[in-house]
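Here's run20.txt, which has compact mmCIF, C-alpha atoms and all ligand atoms:
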# COMPACT_ATOMS: atom_id res chain seq x y z
CA MET A 1 124.60 2.02 -62.96
CA ILE A 2 124.79 3.63 -66.34
CA SER A 3 123.27 6.79 -67.69
CA LEU A 4 122.53 7.41 -71.30
CA VAL A 5 122.35 10.43 -73.59
CA ALA A 6 121.55 10.64 -77.29
CA ALA A 7 122.03 13.46 -79.75
CA ARG A 8 121.80 13.92 -83.48
CA ALA A 9 124.26 16.02 -85.49
CA GLY A 10 122.20 15.36 -86.55
CA THR A 11 121.66 13.49 -83.32
CA ALA A 12 123.13 11.94 -80.10
CA LEU A 13 122.43 9.73 -77.08
CA TRP A 14 124.34 9.34 -73.81
CA CYS A 15 124.69 6.91 -71.02
CA THR A 16 126.42 6.82 -67.57
CA ALA A 17 127.90 4.62 -64.85
CA ILE A 18 129.07 1.06 -64.93
CA ALA A 19 129.57 -1.23 -61.89
CA PHE A 20 131.01 0.96 -59.13
CA ALA A 21 132.19 3.86 -61.18
CA PRO A 22 129.67 6.03 -63.03
CA VAL A 23 130.61 6.28 -66.70
CA SER A 24 129.01 8.60 -69.17
CA VAL A 25 128.44 7.14 -72.65
CA GLY A 26 127.39 9.31 -75.56
CA LEU A 27 126.14 8.35 -78.98
CA VAL A 28 126.17 10.85 -81.81
CA PHE A 29 124.93 10.15 -85.32
CA ASP A 30 123.91 11.78 -88.55
CA GLN A 31 120.17 11.31 -88.82
CA ARG A 32 120.40 11.09 -92.62
CA LEU A 33 122.55 7.96 -92.29
CA VAL A 34 121.23 6.19 -89.21
CA GLN A 35 117.71 4.98 -88.65
CA TRP A 36 117.00 5.42 -84.97
CA PRO A 37 114.60 2.68 -83.80
CA GLN A 38 111.20 4.27 -83.31
CA ALA A 39 109.85 1.25 -81.44
CA GLU A 40 108.03 1.50 -78.14
CA GLY A 41 109.98 1.28 -74.91
CA LYS A 42 112.10 3.39 -72.63
CA LEU A 43 114.70 5.58 -74.28
CA GLY A 44 117.43 4.01 -72.09
CA ASP A 45 116.49 0.49 -73.23
CA ARG A 46 116.41 1.53 -76.87
CA LEU A 47 119.78 3.20 -76.52
CA LYS A 48 121.32 0.19 -74.85
CA ALA A 49 119.90 -2.14 -77.50
CA PHE A 50 121.31 0.16 -80.17
CA LEU A 51 124.77 0.20 -78.56
CA MET A 52 124.74 -3.59 -78.17
CA GLN A 53 124.91 -3.89 -81.96
CA HIS A 54 128.46 -2.51 -81.88
CA PRO A 55 131.18 -4.96 -80.77
CA VAL A 56 133.12 -2.45 -78.63
CA ALA A 57 130.04 -0.73 -77.21
CA ARG A 58 128.62 -4.17 -76.38
CA GLU A 59 131.66 -4.96 -74.20
CA MET A 60 131.20 -1.67 -72.38
CA VAL A 61 127.49 -1.74 -71.72
CA ALA A 62 126.46 -5.41 -71.70
CA GLU A 63 126.65 -5.73 -67.91
CA ALA A 64 125.86 -2.10 -67.16
CA GLN A 65 122.68 -0.68 -65.75
CA TYR A 66 121.61 2.84 -66.57
CA ASP A 67 120.32 5.56 -64.31
CA GLN A 68 116.77 6.23 -65.50
CA ASN A 69 117.00 9.82 -64.30
CA ASP A 70 120.08 10.50 -66.37
CA VAL A 71 119.13 9.55 -69.92
CA HIS A 72 118.93 12.48 -72.34
CA TRP A 73 118.21 13.02 -76.00
CA ARG A 74 118.83 16.03 -78.21
CA LYS A 75 118.49 16.43 -81.94
CA ASN A 76 119.56 18.86 -84.65
CA LEU A 77 122.51 20.01 -82.56
CA ALA A 78 124.28 22.22 -85.08
CA TYR A 79 122.95 25.77 -85.14
CA TYR A 80 124.16 29.31 -85.69
CA SER A 81 122.94 32.76 -84.98
CA THR A 82 122.43 35.02 -87.97
CA THR A 83 123.47 37.99 -85.80
CA PHE A 84 126.42 37.67 -83.42
CA ALA A 85 126.39 41.22 -82.07
CA GLY A 86 124.14 44.26 -82.15
CA ASP A 87 123.20 47.31 -80.19
CA GLY A 88 124.04 46.43 -76.58
CA PHE A 89 124.58 42.68 -76.97
CA VAL A 90 127.20 40.24 -78.17
CA LEU A 91 126.93 36.45 -78.23
CA ALA A 92 129.69 34.10 -77.10
CA GLY A 93 130.24 30.33 -76.99
CA ASP A 94 127.22 28.10 -77.50
CA ALA A 95 124.92 31.11 -77.36
CA ALA A 96 126.44 32.19 -80.69
CA ALA A 97 126.60 28.84 -82.49
CA PHE A 98 127.37 25.14 -82.16
CA MET A 99 128.97 22.78 -84.65
CA ASP A 100 129.34 19.23 -83.45
CA PRO A 101 129.37 17.39 -80.11
CA PHE A 102 131.87 14.71 -81.11
CA TYR A 103 134.58 16.23 -83.33
CA ASN A 104 134.16 19.42 -81.39
CA PRO A 105 135.72 22.89 -81.66
CA GLY A 106 133.75 24.13 -78.61
CA MET A 107 136.64 25.56 -76.56
CA ASP A 108 138.25 27.20 -79.59
CA TRP A 109 134.93 28.75 -80.53
CA ILE A 110 134.57 30.05 -76.95
CA SER A 111 138.09 31.53 -77.04
CA PHE A 112 137.47 33.42 -80.27
CA THR A 113 133.92 34.57 -79.53
CA THR A 114 134.73 35.77 -76.00
CA THR A 115 137.83 37.61 -77.26
CA GLY A 116 135.71 39.25 -79.97
CA ALA A 117 133.07 40.15 -77.39
CA ALA A 118 135.65 41.63 -75.01
CA GLU A 119 137.07 43.71 -77.87
CA LEU A 120 133.62 45.13 -78.68
CA ILE A 121 132.82 45.92 -75.04
CA ALA A 122 136.20 47.57 -74.49
CA ALA A 123 135.78 49.70 -77.63
CA GLN A 124 132.33 50.82 -76.54
CA ARG A 125 133.62 51.75 -73.08
CA ARG A 126 136.38 53.81 -74.72
CA GLY A 127 133.59 55.69 -76.51
CA GLU A 128 134.59 54.57 -80.01
CA PRO A 129 132.04 54.49 -82.88
CA MET A 130 130.54 50.99 -82.91
CA ALA A 131 128.55 50.51 -86.12
CA GLU A 132 131.49 49.51 -88.32
CA ARG A 133 133.06 47.33 -85.61
CA ILE A 134 129.79 45.46 -85.07
CA GLU A 135 129.38 44.95 -88.79
CA ARG A 136 132.91 43.54 -89.04
CA HIS A 137 132.30 41.31 -86.01
CA ASN A 138 129.13 39.86 -87.58
CA ARG A 139 130.80 39.39 -90.95
CA ASP A 140 133.92 37.70 -89.49
CA PHE A 141 132.09 35.30 -87.17
CA SER A 142 129.58 34.36 -89.82
CA LEU A 143 132.40 33.63 -92.28
CA CYS A 144 134.34 31.77 -89.58
CA TYR A 145 131.42 29.56 -88.54
CA HIS A 146 130.28 28.68 -92.05
CA SER A 147 133.80 28.04 -93.31
CA TRP A 148 134.67 25.91 -90.27
CA PHE A 149 131.48 23.89 -90.62
CA GLU A 150 131.66 23.48 -94.36
CA SER A 151 135.33 22.54 -94.53
CA VAL A 152 135.76 20.26 -91.52
CA TYR A 153 132.31 19.07 -90.39
CA LYS A 154 129.96 18.88 -93.32
CA ASP A 155 129.13 15.22 -94.11
CA LYS A 156 131.99 14.05 -91.84
CA TYR A 157 129.82 11.27 -90.46
CA GLU A 158 129.70 9.74 -93.93
CA TYR A 159 133.28 8.53 -93.49
CA MET A 160 134.04 8.67 -89.75
CA GLY A 161 133.77 4.87 -89.62
CA GLU A 162 136.18 4.32 -92.51
CA TRP A 163 139.65 3.79 -91.05
CA ASP A 164 141.61 4.63 -94.20
CA LEU A 165 139.68 7.82 -95.04
CA MET A 166 139.29 9.05 -91.47
CA SER A 167 142.92 8.40 -90.50
CA ILE A 168 144.03 10.59 -93.43
CA ALA A 169 141.45 13.27 -92.64
CA VAL A 170 142.24 13.38 -88.93
CA ARG A 171 145.98 13.79 -89.59
CA LEU A 172 145.30 16.59 -92.08
CA ASP A 173 142.62 18.22 -89.89
CA LEU A 174 144.85 18.10 -86.81
CA GLY A 175 148.07 19.03 -88.60
CA LEU A 176 146.50 22.08 -90.21
CA TYR A 177 144.72 22.96 -86.96
CA TYR A 178 148.04 22.95 -85.07
CA LEU A 179 149.83 24.87 -87.79
CA GLY A 180 147.08 27.40 -88.45
CA VAL A 181 145.14 27.78 -85.19
CA VAL A 182 146.96 26.38 -82.14
CA SER A 183 150.38 27.77 -83.03
CA GLN A 184 149.13 31.36 -83.33
CA PRO A 185 148.48 32.16 -79.63
CA PHE A 186 151.82 30.53 -78.82
CA LYS A 187 153.60 32.85 -81.26
CA PHE A 188 151.56 36.03 -80.91
CA GLY A 189 149.83 35.67 -77.53
CA ALA A 190 146.22 36.73 -76.93
CA GLU A 191 146.41 39.01 -79.98
CA ALA A 192 146.00 35.91 -82.18
CA LEU A 193 142.53 35.26 -80.74
CA LYS A 194 141.32 38.51 -82.30
CA SER A 195 141.43 36.89 -85.72
CA PRO A 196 138.85 34.08 -85.96
CA PRO A 197 139.88 31.04 -88.05
CA PHE A 198 139.28 31.15 -91.82
CA THR A 199 138.77 34.92 -91.91
CA SER A 200 142.18 36.07 -93.15
CA PRO A 201 142.76 36.06 -96.94
CA ARG A 202 145.65 33.57 -96.49
CA SER A 203 143.41 31.11 -94.63
CA ARG A 204 140.92 30.94 -97.53
CA LEU A 205 143.33 28.71 -99.44
CA VAL A 206 143.53 26.36 -96.46
CA PHE A 207 139.72 26.41 -96.25
CA SER A 208 139.46 25.33 -99.89
CA PHE A 209 142.00 22.55 -99.37
CA ILE A 210 140.24 21.15 -96.26
CA ARG A 211 136.85 21.39 -97.92
CA ALA A 212 138.23 19.55 -100.96
CA TYR A 213 139.49 16.47 -99.13
CA ASN A 214 136.49 16.42 -96.75
CA ARG A 215 134.09 16.46 -99.71
CA ARG A 216 136.03 13.79 -101.54
CA PHE A 217 136.21 11.43 -98.55
CA ALA A 218 132.47 11.86 -97.98
CA ALA A 219 131.83 11.06 -101.66
CA ILE A 220 134.10 8.00 -101.59
CA ALA A 221 132.41 6.70 -98.43
CA ARG A 222 128.99 7.33 -99.98
CA SER A 223 129.94 5.29 -102.98
CA ARG A 224 131.20 2.51 -100.67
CA ARG A 225 127.88 2.67 -98.80
CA ASN A 226 126.00 2.27 -102.08
CA ALA A 227 128.21 -0.66 -103.00
CA ARG A 228 127.84 -2.11 -99.47
CA THR A 229 131.62 -2.16 -99.01
CA LEU A 230 131.89 0.11 -95.97
CA GLY A 231 134.45 -0.88 -93.34
CA ARG A 232 136.44 -3.25 -95.56
CA ALA A 233 139.77 -1.63 -94.59
CA ASN A 234 139.06 -1.42 -90.87
CA ARG A 235 140.01 -4.75 -89.37
CA GLY A 236 143.12 -4.69 -87.17
CA GLN A 237 143.88 -1.05 -87.91
CA ARG A 238 144.54 1.85 -85.58
CA CYS A 239 145.59 5.43 -86.13
CA LEU A 240 148.48 6.68 -84.02
CA ILE A 241 149.29 10.35 -84.48
CA PRO A 242 152.74 11.75 -83.65
CA GLY A 243 153.01 14.87 -81.51
CA PHE A 244 153.04 18.33 -83.03
CA THR A 245 155.76 20.88 -82.29
CA LEU A 246 153.93 24.00 -83.54
CA LYS A 247 156.83 24.62 -85.96
CA TRP A 248 156.51 24.98 -89.74
CA THR A 249 158.61 21.83 -90.06
CA ASP A 250 155.45 19.96 -89.00
CA LEU A 251 154.31 20.54 -92.57
CA ARG A 252 156.24 17.39 -93.44
CA LEU A 253 153.73 15.42 -91.35
CA LEU A 254 151.12 16.35 -93.96
CA VAL A 255 153.04 14.94 -96.93
CA ARG A 256 152.20 11.30 -96.24
CA PRO A 257 148.44 11.78 -95.74
CA VAL A 258 148.26 13.91 -98.90
CA ALA A 259 150.07 11.15 -100.83
CA GLN A 260 147.67 8.58 -99.35
CA TRP A 261 144.73 10.71 -100.44
CA ALA A 262 146.15 10.85 -103.99
CA TRP A 263 146.58 7.07 -103.98
CA ILE A 264 142.98 6.50 -102.87
CA GLU A 265 141.77 8.82 -105.64
CA MET A 266 143.74 6.91 -108.26
CA THR A 267 142.77 3.46 -107.11
CA GLU A 268 139.16 4.01 -106.06
CA GLY A 269 138.07 7.63 -105.77
CA TRP A 270 137.80 8.24 -109.54
CA ARG A 271 134.62 6.17 -109.51
CA SER A 272 132.86 8.86 -107.50
CA TRP A 273 134.24 11.92 -109.32
CA ARG A 274 130.94 12.38 -111.13
CA GLN A 275 128.77 11.54 -108.17
CA PRO A 276 126.00 14.12 -107.54
CA PRO A 277 126.40 16.06 -104.26
CA ARG A 278 124.66 14.88 -101.09
CA GLU A 279 121.35 16.39 -100.12
CA LYS A 280 121.83 19.69 -98.31
CA THR A 281 122.95 19.52 -94.69
CA SER A 282 120.54 21.59 -92.68
CA ILE A 283 121.79 23.66 -89.78
CA ASN A 284 119.33 25.53 -87.62
CA ALA A 285 119.72 29.16 -88.55
CA ALA A 286 118.79 30.47 -85.14
CA ALA A 287 120.71 30.21 -81.93
CA ASN A 288 119.11 28.80 -78.83
CA THR A 289 116.19 27.11 -80.56
CA PRO A 290 115.90 23.63 -79.09
CA ALA A 291 114.74 21.17 -81.76
C1 LIG B 1 127.94 16.19 -76.14
C2 LIG B 1 128.90 17.34 -76.19
C3 LIG B 1 130.27 17.07 -76.23
C4 LIG B 1 131.18 18.12 -76.31
N1 LIG B 1 132.53 17.84 -76.35
C5 LIG B 1 133.41 18.85 -76.46
C6 LIG B 1 134.82 18.60 -76.54
O1 LIG B 1 135.27 17.47 -76.52
N2 LIG B 1 135.66 19.67 -76.68
C7 LIG B 1 135.20 20.95 -76.70
O2 LIG B 1 135.99 21.89 -76.83
N3 LIG B 1 133.89 21.21 -76.59
C8 LIG B 1 132.97 20.20 -76.47
N4 LIG B 1 131.64 20.47 -76.40
C9 LIG B 1 131.21 21.86 -76.51
C10 LIG B 1 131.35 22.56 -75.20
O3 LIG B 1 130.83 21.78 -74.15
C11 LIG B 1 130.54 23.83 -75.33
O4 LIG B 1 130.94 24.50 -76.52
C12 LIG B 1 130.77 24.73 -74.13
O5 LIG B 1 130.38 24.09 -72.95
C13 LIG B 1 129.96 26.00 -74.30
O6 LIG B 1 130.17 26.81 -73.21
P1 LIG B 1 129.21 28.02 -72.96
O7 LIG B 1 129.74 28.69 -71.72
O8 LIG B 1 129.05 28.82 -74.18
O9 LIG B 1 127.78 27.38 -72.68
P2 LIG B 1 127.37 26.39 -71.50
O10 LIG B 1 128.50 25.50 -71.11
O11 LIG B 1 126.09 25.76 -71.97
O12 LIG B 1 127.09 27.39 -70.31
C14 LIG B 1 125.91 28.17 -70.26
C15 LIG B 1 125.51 28.25 -68.81
O13 LIG B 1 124.45 29.20 -68.71
C16 LIG B 1 123.47 28.68 -67.81
N5 LIG B 1 122.20 29.33 -68.13
C17 LIG B 1 121.38 29.10 -69.17
N6 LIG B 1 120.32 29.91 -69.13
C18 LIG B 1 120.47 30.69 -68.03
C19 LIG B 1 119.71 31.73 -67.46
N7 LIG B 1 118.57 32.15 -68.00
N8 LIG B 1 120.19 32.31 -66.35
C20 LIG B 1 121.37 31.93 -65.81
N9 LIG B 1 122.13 30.93 -66.30
C21 LIG B 1 121.70 30.33 -67.40
C22 LIG B 1 123.47 27.19 -68.09
O14 LIG B 1 122.94 26.48 -67.00
C23 LIG B 1 124.96 26.92 -68.27
O15 LIG B 1 125.63 26.63 -67.07
C24 LIG B 1 130.70 19.44 -76.33
C25 LIG B 1 129.34 19.70 -76.27
C26 LIG B 1 128.43 18.68 -76.22
C27 LIG B 1 126.96 18.97 -76.17

In structure tokens, what does this structure look like?
Amino acid sequence: MISLVAARAGTALWCTAIAFAPVSVGLVFDQRLVQWPQAEGKLGDRLKAFLMQHPVAREMVAEAQYDQNDVHWRKNLAYYSTTFAGDGFVLAGDAAAFMDPFYNPGMDWISFTTTGAAELIAAQRRGEPMAERIERHNRDFSLCYHSWFESVYKDKYEYMGEWDLMSIAVRLDLGLYYLGVVSQPFKFGAEALKSPPFTSPRSRLVFSFIRAYNRRFAAIARSRRNARTLGRANRGQRCLIPGFTLKWTDLRLLVRPVAQWAWIEMTEGWRSWRQPPREKTSINAAANTPA
């Protein structure tokens, strides 16, 4: 038995349970890049047919049967609230915003939003003036969400299937995430969760750097898509990432991917330097509005 779900990140689709053990299979895609078959038929059948086009997915689902009661579809998953806190309320976790179901910061987002919420509630119970605190909370979480989305997630699906681009991006994304986000609670304890990512002046430089390589890899992949050369570097490749120690010496792990990025720019990327930007990514500007 299998069960399926789809969502768009756009979009996704899932499925569950193979042979004796139930297995959940999810499919996430950018609806600007993937044409979801609109044909007649059950959603589960369409999902399975879609997955069968992929060599690895085909091996997983070819013999599987799906549970008709456990096939789900969601679209336009990314959303944010324009107000995170106000008079007598504060939003946390998915109630506040959502970025991506696949390359997901969900638990980090929960940690920061719940810490921020607890801080506001505690201040109110101590009888402190709230207006300025609430304003700062709204400003910080709005900046955090938009910076996080724009630097790491925007147009990521353009190049997620490109081994060379994605293996550089994932090592940079993860390396900087460990250095800038994960290491902080280890060094400073729960206090670190009071400062949402990308809100300190120092982190703005890191934001610009991440946004720069993410934009460039999306542009390079777009130009490969136009030239129908996507996936040329993929065969026989895999990306193994060494462990992180949470020490500044881990910075050396970023040297190689940065050099690889420079090499790709010199040998191929220059062709897309003048490429016009992609059409705007739309995120639902209202929390809790199912699409
Ligand atoms: C496909 C997918 C994959 C993901 N993968 C990852 C991942 O790998 N890593 C990661 O960190 N995050 C991941 N996430 C994100 C993560 O699951 C969410 O960010 C997290 O679950 C949000 O927690 P939450 O408590 O805010 O909301 P929820 O987990 O949605 O909890 C809200 C709860 O409130 C209940 N509820 C709703 N309305 C009412 C009501 N009126 N009365 C009472 N109860 C109510 C709901 O039933 C639910 O139990 C993923 C999300 C998706 C969709």

Once you count all atoms listed in the file, what closest atom pair and distance in Å to one decimal does each residue of chain A within 6 Å of ligand LIG 1 (chain B) have, with rows by chain and rising residue number, as a Markdown table?
| residue | atom | partner | partner_atom | distance |
| --- | --- | --- | --- | --- |
| A:Gly93 | CA | B:LIG1 | O8 | 3.4 |
| A:Asp94 | CA | B:LIG1 | O8 | 3.9 |
| A:Ala95 | CA | B:LIG1 | O8 | 5.7 |
| A:Pro101 | CA | B:LIG1 | C2 | 3.9 |
| A:Phe102 | CA | B:LIG1 | C3 | 5.7 |
| A:Asn104 | CA | B:LIG1 | N2 | 4.9 |
| A:Pro105 | CA | B:LIG1 | O2 | 4.9 |
| A:Gly106 | CA | B:LIG1 | O4 | 3.5 |
| A:Met107 | CA | B:LIG1 | O2 | 3.7 |

message = (137.0, 5.2, -91.6) in this file's frame - what residues fall within 9 Å of it? Use all atoms listed in the file and give the answer as a ChimeraX atom specification.
response = /A:158-167,221,230-231,233-234

Go ahead and write the residues just picked, C-alpha atoms, as a compact mmCIF listing (two decimals), keeping the file's coordinate frame.
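So the final result, stored in out_32.txt, reads:
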# COMPACT_ATOMS: atom_id res chain seq x y z
CA GLU A 158 129.70 9.74 -93.93
CA TYR A 159 133.28 8.53 -93.49
CA MET A 160 134.04 8.67 -89.75
CA GLY A 161 133.77 4.87 -89.62
CA GLU A 162 136.18 4.32 -92.51
CA TRP A 163 139.65 3.79 -91.05
CA ASP A 164 141.61 4.63 -94.20
CA LEU A 165 139.68 7.82 -95.04
CA MET A 166 139.29 9.05 -91.47
CA SER A 167 142.92 8.40 -90.50
CA ALA A 221 132.41 6.70 -98.43
CA LEU A 230 131.89 0.11 -95.97
CA GLY A 231 134.45 -0.88 -93.34
CA ALA A 233 139.77 -1.63 -94.59
CA ASN A 234 139.06 -1.42 -90.87

query = Using all atoms listed in the file, which residue out of A:Arg216, A:Arg228, A:Lys187, A:Arg211 lies closest to Phe149 of chain A?
reply = A:Arg211

Edge lengths and centre, in Å to one decimal, as AutoDock Vina command-line options: that's what I need for the box along x, y and z that holds all listed atoms of segment 176-181 of chain A plus 4 Å on each side.
--center_x 147.3 --center_y 24.9 --center_z -87.6 --size_x 13.1 --size_y 13.7 --size_z 13.1

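The nearest approach to Arg256 of chain A among the residues A:Met52, A:Leu33, A:Ile168, A:Leu47, with all atoms listed in the file taken into account, belongs to A:Ile168.
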
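Residues lying within 6 Å of Ser151 of chain A, counting all atoms listed in the file and ignoring same-chain neighbours fewer than 3 positions away, are Ser147, Trp148, Ile210 and Arg211 of chain A.
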
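One distance worth recording is that between atom CA of Phe112 of chain A and atom CA of Val181 of chain A, which is 10.7 Å.
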
inquiry  = Which residues are near Ala262 of chain A? Cut-off 12 Å, all atoms listed in the file, ignore same chain within fewer than 4 positions. Put them as number ranges by chain.
reply    = A: 165, 168, 213, 216-217, 255-258, 266-270

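For the choices A:Ile220, A:His137, A:Asp155, A:Ala118, the atom-to-atom distance to Gln31 of chain A is smallest for A:Asp155 when using all atoms listed in the file.
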
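Taking atom CA of Arg274 of chain A and atom CA of Arg215 of chain A as endpoints, the distance between them is 12.5 Å.
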
query = So, counting only C-alpha atoms, which residue among A:Ser208, A:Leu193, A:Leu77, A:Asp70 is closest to Asp100 of chain A?
reply = A:Leu77

query = What does the distance from atom CA of Cys239 of chain A to atom CA of Tyr103 of chain A come to in Å, to one decimal?
reply = 15.7 Å

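Counting all atoms listed in the file, the residue from A:Gln68, A:Gln184, A:Phe29, A:His54 that sits nearest to Lys42 of chain A is A:Gln68.
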
inquiry  = With only C-alpha atoms as the counted atoms, please give the residues lying no more than 10 Å from Gly180 of chain A, apart from itself and same-chain residues fewer than 4 positions off, as number ranges by chain.
reply    = A: 174-176, 184, 197-198, 203, 206, 246, 248
